[in-house]
Amino acid sequence: MTVNADISRTRLPIMRVQNVTKTFSTISAGRRTHLTAVDQLDFTIAAGETIALVGESGSGKSTAAKCVADLLAPTEGTISMDGAPTIRPGRRARRRDHRRVQLVFQDPNGSLDPRQTVRQVLEEPLRNFFGNNRGELRRRVRELLADVELDESLLNRRPRELSGGQKQRLGLARALAVEPEIIVLDEPTASLDVSTRGQMLALLERVQRHTDVAYLLVSHDLAVVQSLADRVLVMYLGSIIESGPTDRVFTNPQHPYTKALIEAAPKMEYRALRSAWRLDGEIPSPTDRPSGCLLTNRCPVVQPDCHAQRPPLVAVDADHLSACIHPELLSAPSMDARTAS
Ligand SMILES: Nc1ncnc2c1ncn2[C@@H]1O[C@H](COP(=O)(O)OP(=O)(O)OP(=O)(O)O)[C@@H](O)[C@H]1O
Ligand SMILES: [Mg+2]
């Protein structure tokens, strides 16, 4: 993990996400309101690295992932590849960039055409990008099946004749068909049972080693994030509130939200952290985000100055950023006194 994080620092980013904001307008209680799904996201992705987006439901992970994959146009901000802006507000990216960034969905049933055979699913993107040579198409299809460890005997089957794990592999093969530089994985293992999940994770790692593809991984499962991701971006109510190398963020969280998220996660290695650290109350509505620190209504150690303004992300050490202005209170003795009572 650490090795890859070091690599990412020395490699040039292939994608730069700058100041990306996405607002939706919705009708609530008969009135039109604006909802901020993601707010001023800034991050980079280097070749061959895995970046994870984590955070509670509704924190904006899928919206961010869709902006990166160009399925949603940001309201503000730019996304550049190799220094050239490809995605700007109100402008669709060029088709070339769809090739460079592919998406694998959580639910393979919703993203595979039930009428297509495995061969057709894979030939379609190959034809679009590499032309119509029959021999070449057949060769590439066989290669892709081998890449995701699917048997050639499945070529004439349709999605309903495949297991959940096989469908998810097919979705990955289809994404790999166009030789992308980045694959966005939105909850790639959520629909799989535990043993199939482990195999899928191992496969994702092998594919990355062979192709140097970068992953933007969205996952609720911190154990999955811990095993795959070099860096993690923790989102809360549309904002990144902490980011850094996965091992450092998970062993030494610098934001009360991250600390609570880790301690609430089942099966995490970092049991030493466990200390009855809990958030109070409910996540506010994204139509009504607090003006100071986003966590003020839930934070166990909130201070008067936390309400004053939205704290920016600042470096706690190289590559590890946090938006909490009172990190010293994360291990405060008063906290233990409070939870003990
Ligand atoms: N098309 C849309 N129109 C209006 N609001 C939307 C739309 N898409 C997302 N939202 C809202 O934006 C916010 C962020 O949603 P998003 O799906 O990105 O969250 P998420 O972190 O992926 O959540 P989950 O973990 O449940 O998948 C939510 O409040 C959601 O209701
Ligand atoms: Mg989502």
# chains A, B, ... in the order shown; residues from 1 in each chain; ligands from 1
>>> select_by_dssp(residues="segment 100-312 of chain A", states="alpha helix (DSSP H)", output="ChimeraX atom specification")
/A:100,108-111,118-130,134-147,164-176,194-211,222-228,246-251,256-264
>>> residues_near_ligand(ligand="ligand 1", cutoff="6 Å", atoms="only C-alpha atoms and all ligand atoms", output="list in words")
Phe24, Thr26, Ala37, Glu56, Ser57, Gly58, Ser59, Gly60, Lys61, Ser62, Thr63 and Pro286 of chain A
>>> atom_distance(atom1="atom CA of Leu185 of chain A", atom2="atom CA of Leu103 of chain A")
6.1 Å
>>> closest_residue(among="A:Leu222, A:Ala315, A:Leu204, A:Ala190", to="ligand 2", atoms="only C-alpha atoms and all ligand atoms")
A:Ala190
>>> decode(residues="segment 167-201 of chain A", atoms="N, CA and C atoms", output="PDB file, in the first residue's frame")
ATOM      1  N   LYS A 167     -21.275 -12.293 -13.909  1.00  0.00           N
ATOM      2  CA  LYS A 167     -21.790 -11.055 -14.514  1.00  0.00           C
ATOM      3  C   LYS A 167     -20.879  -9.879 -14.174  1.00  0.00           C
ATOM      4  N   GLN A 168     -20.410  -9.838 -12.926  1.00  0.00           N
ATOM      5  CA  GLN A 168     -19.556  -8.732 -12.520  1.00  0.00           C
ATOM      6  C   GLN A 168     -18.218  -8.802 -13.274  1.00  0.00           C
ATOM      7  N   ARG A 169     -17.708 -10.030 -13.516  1.00  0.00           N
ATOM      8  CA  ARG A 169     -16.494 -10.184 -14.309  1.00  0.00           C
ATOM      9  C   ARG A 169     -16.719  -9.726 -15.743  1.00  0.00           C
ATOM     10  N   LEU A 170     -17.903 -10.052 -16.276  1.00  0.00           N
ATOM     11  CA  LEU A 170     -18.223  -9.637 -17.645  1.00  0.00           C
ATOM     12  C   LEU A 170     -18.266  -8.105 -17.725  1.00  0.00           C
ATOM     13  N   GLY A 171     -18.850  -7.480 -16.700  1.00  0.00           N
ATOM     14  CA  GLY A 171     -18.877  -6.006 -16.670  1.00  0.00           C
ATOM     15  C   GLY A 171     -17.471  -5.427 -16.661  1.00  0.00           C
ATOM     16  N   LEU A 172     -16.578  -6.078 -15.926  1.00  0.00           N
ATOM     17  CA  LEU A 172     -15.188  -5.619 -15.883  1.00  0.00           C
ATOM     18  C   LEU A 172     -14.509  -5.826 -17.244  1.00  0.00           C
ATOM     19  N   ALA A 173     -14.773  -7.000 -17.869  1.00  0.00           N
ATOM     20  CA  ALA A 173     -14.178  -7.272 -19.189  1.00  0.00           C
ATOM     21  C   ALA A 173     -14.654  -6.248 -20.209  1.00  0.00           C
ATOM     22  N   ARG A 174     -15.934  -5.906 -20.127  1.00  0.00           N
ATOM     23  CA  ARG A 174     -16.457  -4.922 -21.079  1.00  0.00           C
ATOM     24  C   ARG A 174     -15.776  -3.566 -20.888  1.00  0.00           C
ATOM     25  N   ALA A 175     -15.546  -3.197 -19.618  1.00  0.00           N
ATOM     26  CA  ALA A 175     -14.852  -1.940 -19.356  1.00  0.00           C
ATOM     27  C   ALA A 175     -13.419  -1.997 -19.886  1.00  0.00           C
ATOM     28  N   LEU A 176     -12.763  -3.163 -19.724  1.00  0.00           N
ATOM     29  CA  LEU A 176     -11.366  -3.301 -20.145  1.00  0.00           C
ATOM     30  C   LEU A 176     -11.212  -3.337 -21.664  1.00  0.00           C
ATOM     31  N   ALA A 177     -12.324  -3.648 -22.372  1.00  0.00           N
ATOM     32  CA  ALA A 177     -12.258  -3.838 -23.821  1.00  0.00           C
ATOM     33  C   ALA A 177     -11.616  -2.654 -24.522  1.00  0.00           C
ATOM     34  N   VAL A 178     -11.891  -1.451 -24.052  1.00  0.00           N
ATOM     35  CA  VAL A 178     -11.416  -0.262 -24.760  1.00  0.00           C
ATOM     36  C   VAL A 178     -10.111   0.278 -24.155  1.00  0.00           C
ATOM     37  N   GLU A 179      -9.450  -0.557 -23.364  1.00  0.00           N
ATOM     38  CA  GLU A 179      -8.161  -0.217 -22.771  1.00  0.00           C
ATOM     39  C   GLU A 179      -8.164   1.142 -22.081  1.00  0.00           C
ATOM     40  N   PRO A 180      -9.044   1.280 -21.078  1.00  0.00           N
ATOM     41  CA  PRO A 180      -9.159   2.569 -20.397  1.00  0.00           C
ATOM     42  C   PRO A 180      -7.963   2.822 -19.491  1.00  0.00           C
ATOM     43  N   GLU A 181      -7.774   4.090 -19.123  1.00  0.00           N
ATOM     44  CA  GLU A 181      -6.726   4.438 -18.161  1.00  0.00           C
ATOM     45  C   GLU A 181      -7.283   4.475 -16.743  1.00  0.00           C
ATOM     46  N   ILE A 182      -8.600   4.739 -16.643  1.00  0.00           N
ATOM     47  CA  ILE A 182      -9.245   4.789 -15.330  1.00  0.00           C
ATOM     48  C   ILE A 182     -10.542   3.978 -15.396  1.00  0.00           C
ATOM     49  N   ILE A 183     -10.763   3.152 -14.393  1.00  0.00           N
ATOM     50  CA  ILE A 183     -12.069   2.494 -14.276  1.00  0.00           C
ATOM     51  C   ILE A 183     -12.707   2.956 -12.970  1.00  0.00           C
ATOM     52  N   VAL A 184     -13.919   3.473 -13.071  1.00  0.00           N
ATOM     53  CA  VAL A 184     -14.683   3.878 -11.903  1.00  0.00           C
ATOM     54  C   VAL A 184     -15.492   2.665 -11.459  1.00  0.00           C
ATOM     55  N   LEU A 185     -15.288   2.251 -10.213  1.00  0.00           N
ATOM     56  CA  LEU A 185     -15.964   1.068  -9.676  1.00  0.00           C
ATOM     57  C   LEU A 185     -16.906   1.537  -8.577  1.00  0.00           C
ATOM     58  N   ASP A 186     -18.212   1.580  -8.878  1.00  0.00           N
ATOM     59  CA  ASP A 186     -19.172   2.029  -7.859  1.00  0.00           C
ATOM     60  C   ASP A 186     -19.726   0.801  -7.151  1.00  0.00           C
ATOM     61  N   GLU A 187     -19.277   0.560  -5.930  1.00  0.00           N
ATOM     62  CA  GLU A 187     -19.693  -0.602  -5.130  1.00  0.00           C
ATOM     63  C   GLU A 187     -19.562  -1.897  -5.930  1.00  0.00           C
ATOM     64  N   PRO A 188     -18.367  -2.224  -6.408  1.00  0.00           N
ATOM     65  CA  PRO A 188     -18.237  -3.351  -7.345  1.00  0.00           C
ATOM     66  C   PRO A 188     -18.517  -4.710  -6.717  1.00  0.00           C
ATOM     67  N   THR A 189     -18.498  -4.807  -5.404  1.00  0.00           N
ATOM     68  CA  THR A 189     -18.691  -6.124  -4.787  1.00  0.00           C
ATOM     69  C   THR A 189     -19.940  -6.189  -3.924  1.00  0.00           C
ATOM     70  N   ALA A 190     -20.728  -5.092  -3.922  1.00  0.00           N
ATOM     71  CA  ALA A 190     -21.865  -5.041  -3.000  1.00  0.00           C
ATOM     72  C   ALA A 190     -22.906  -6.103  -3.313  1.00  0.00           C
ATOM     73  N   SER A 191     -23.028  -6.513  -4.583  1.00  0.00           N
ATOM     74  CA  SER A 191     -24.068  -7.484  -4.931  1.00  0.00           C
ATOM     75  C   SER A 191     -23.562  -8.925  -4.815  1.00  0.00           C
ATOM     76  N   LEU A 192     -22.322  -9.121  -4.356  1.00  0.00           N
ATOM     77  CA  LEU A 192     -21.741 -10.464  -4.353  1.00  0.00           C
ATOM     78  C   LEU A 192     -21.693 -11.051  -2.943  1.00  0.00           C
ATOM     79  N   ASP A 193     -21.718 -12.397  -2.865  1.00  0.00           N
ATOM     80  CA  ASP A 193     -21.571 -13.004  -1.542  1.00  0.00           C
ATOM     81  C   ASP A 193     -20.096 -12.980  -1.132  1.00  0.00           C
ATOM     82  N   VAL A 194     -19.839 -13.374   0.108  1.00  0.00           N
ATOM     83  CA  VAL A 194     -18.508 -13.120   0.681  1.00  0.00           C
ATOM     84  C   VAL A 194     -17.374 -13.784  -0.107  1.00  0.00           C
ATOM     85  N   SER A 195     -17.547 -15.042  -0.530  1.00  0.00           N
ATOM     86  CA  SER A 195     -16.422 -15.705  -1.187  1.00  0.00           C
ATOM     87  C   SER A 195     -16.217 -15.163  -2.598  1.00  0.00           C
ATOM     88  N   THR A 196     -17.320 -14.888  -3.310  1.00  0.00           N
ATOM     89  CA  THR A 196     -17.206 -14.315  -4.650  1.00  0.00           C
ATOM     90  C   THR A 196     -16.585 -12.926  -4.578  1.00  0.00           C
ATOM     91  N   ARG A 197     -16.888 -12.218  -3.505  1.00  0.00           N
ATOM     92  CA  ARG A 197     -16.357 -10.876  -3.290  1.00  0.00           C
ATOM     93  C   ARG A 197     -14.823 -10.911  -3.199  1.00  0.00           C
ATOM     94  N   GLY A 198     -14.316 -11.867  -2.429  1.00  0.00           N
ATOM     95  CA  GLY A 198     -12.864 -12.014  -2.293  1.00  0.00           C
ATOM     96  C   GLY A 198     -12.203 -12.289  -3.631  1.00  0.00           C
ATOM     97  N   GLN A 199     -12.837 -13.148  -4.445  1.00  0.00           N
ATOM     98  CA  GLN A 199     -12.267 -13.465  -5.763  1.00  0.00           C
ATOM     99  C   GLN A 199     -12.267 -12.247  -6.666  1.00  0.00           C
ATOM    100  N   MET A 200     -13.342 -11.454  -6.584  1.00  0.00           N
ATOM    101  CA  MET A 200     -13.436 -10.254  -7.421  1.00  0.00           C
ATOM    102  C   MET A 200     -12.344  -9.253  -7.025  1.00  0.00           C
ATOM    103  N   LEU A 201     -12.107  -9.112  -5.730  1.00  0.00           N
ATOM    104  CA  LEU A 201     -11.069  -8.181  -5.267  1.00  0.00           C
ATOM    105  C   LEU A 201      -9.694  -8.617  -5.752  1.00  0.00           C
TER     106      LEU A 201
END
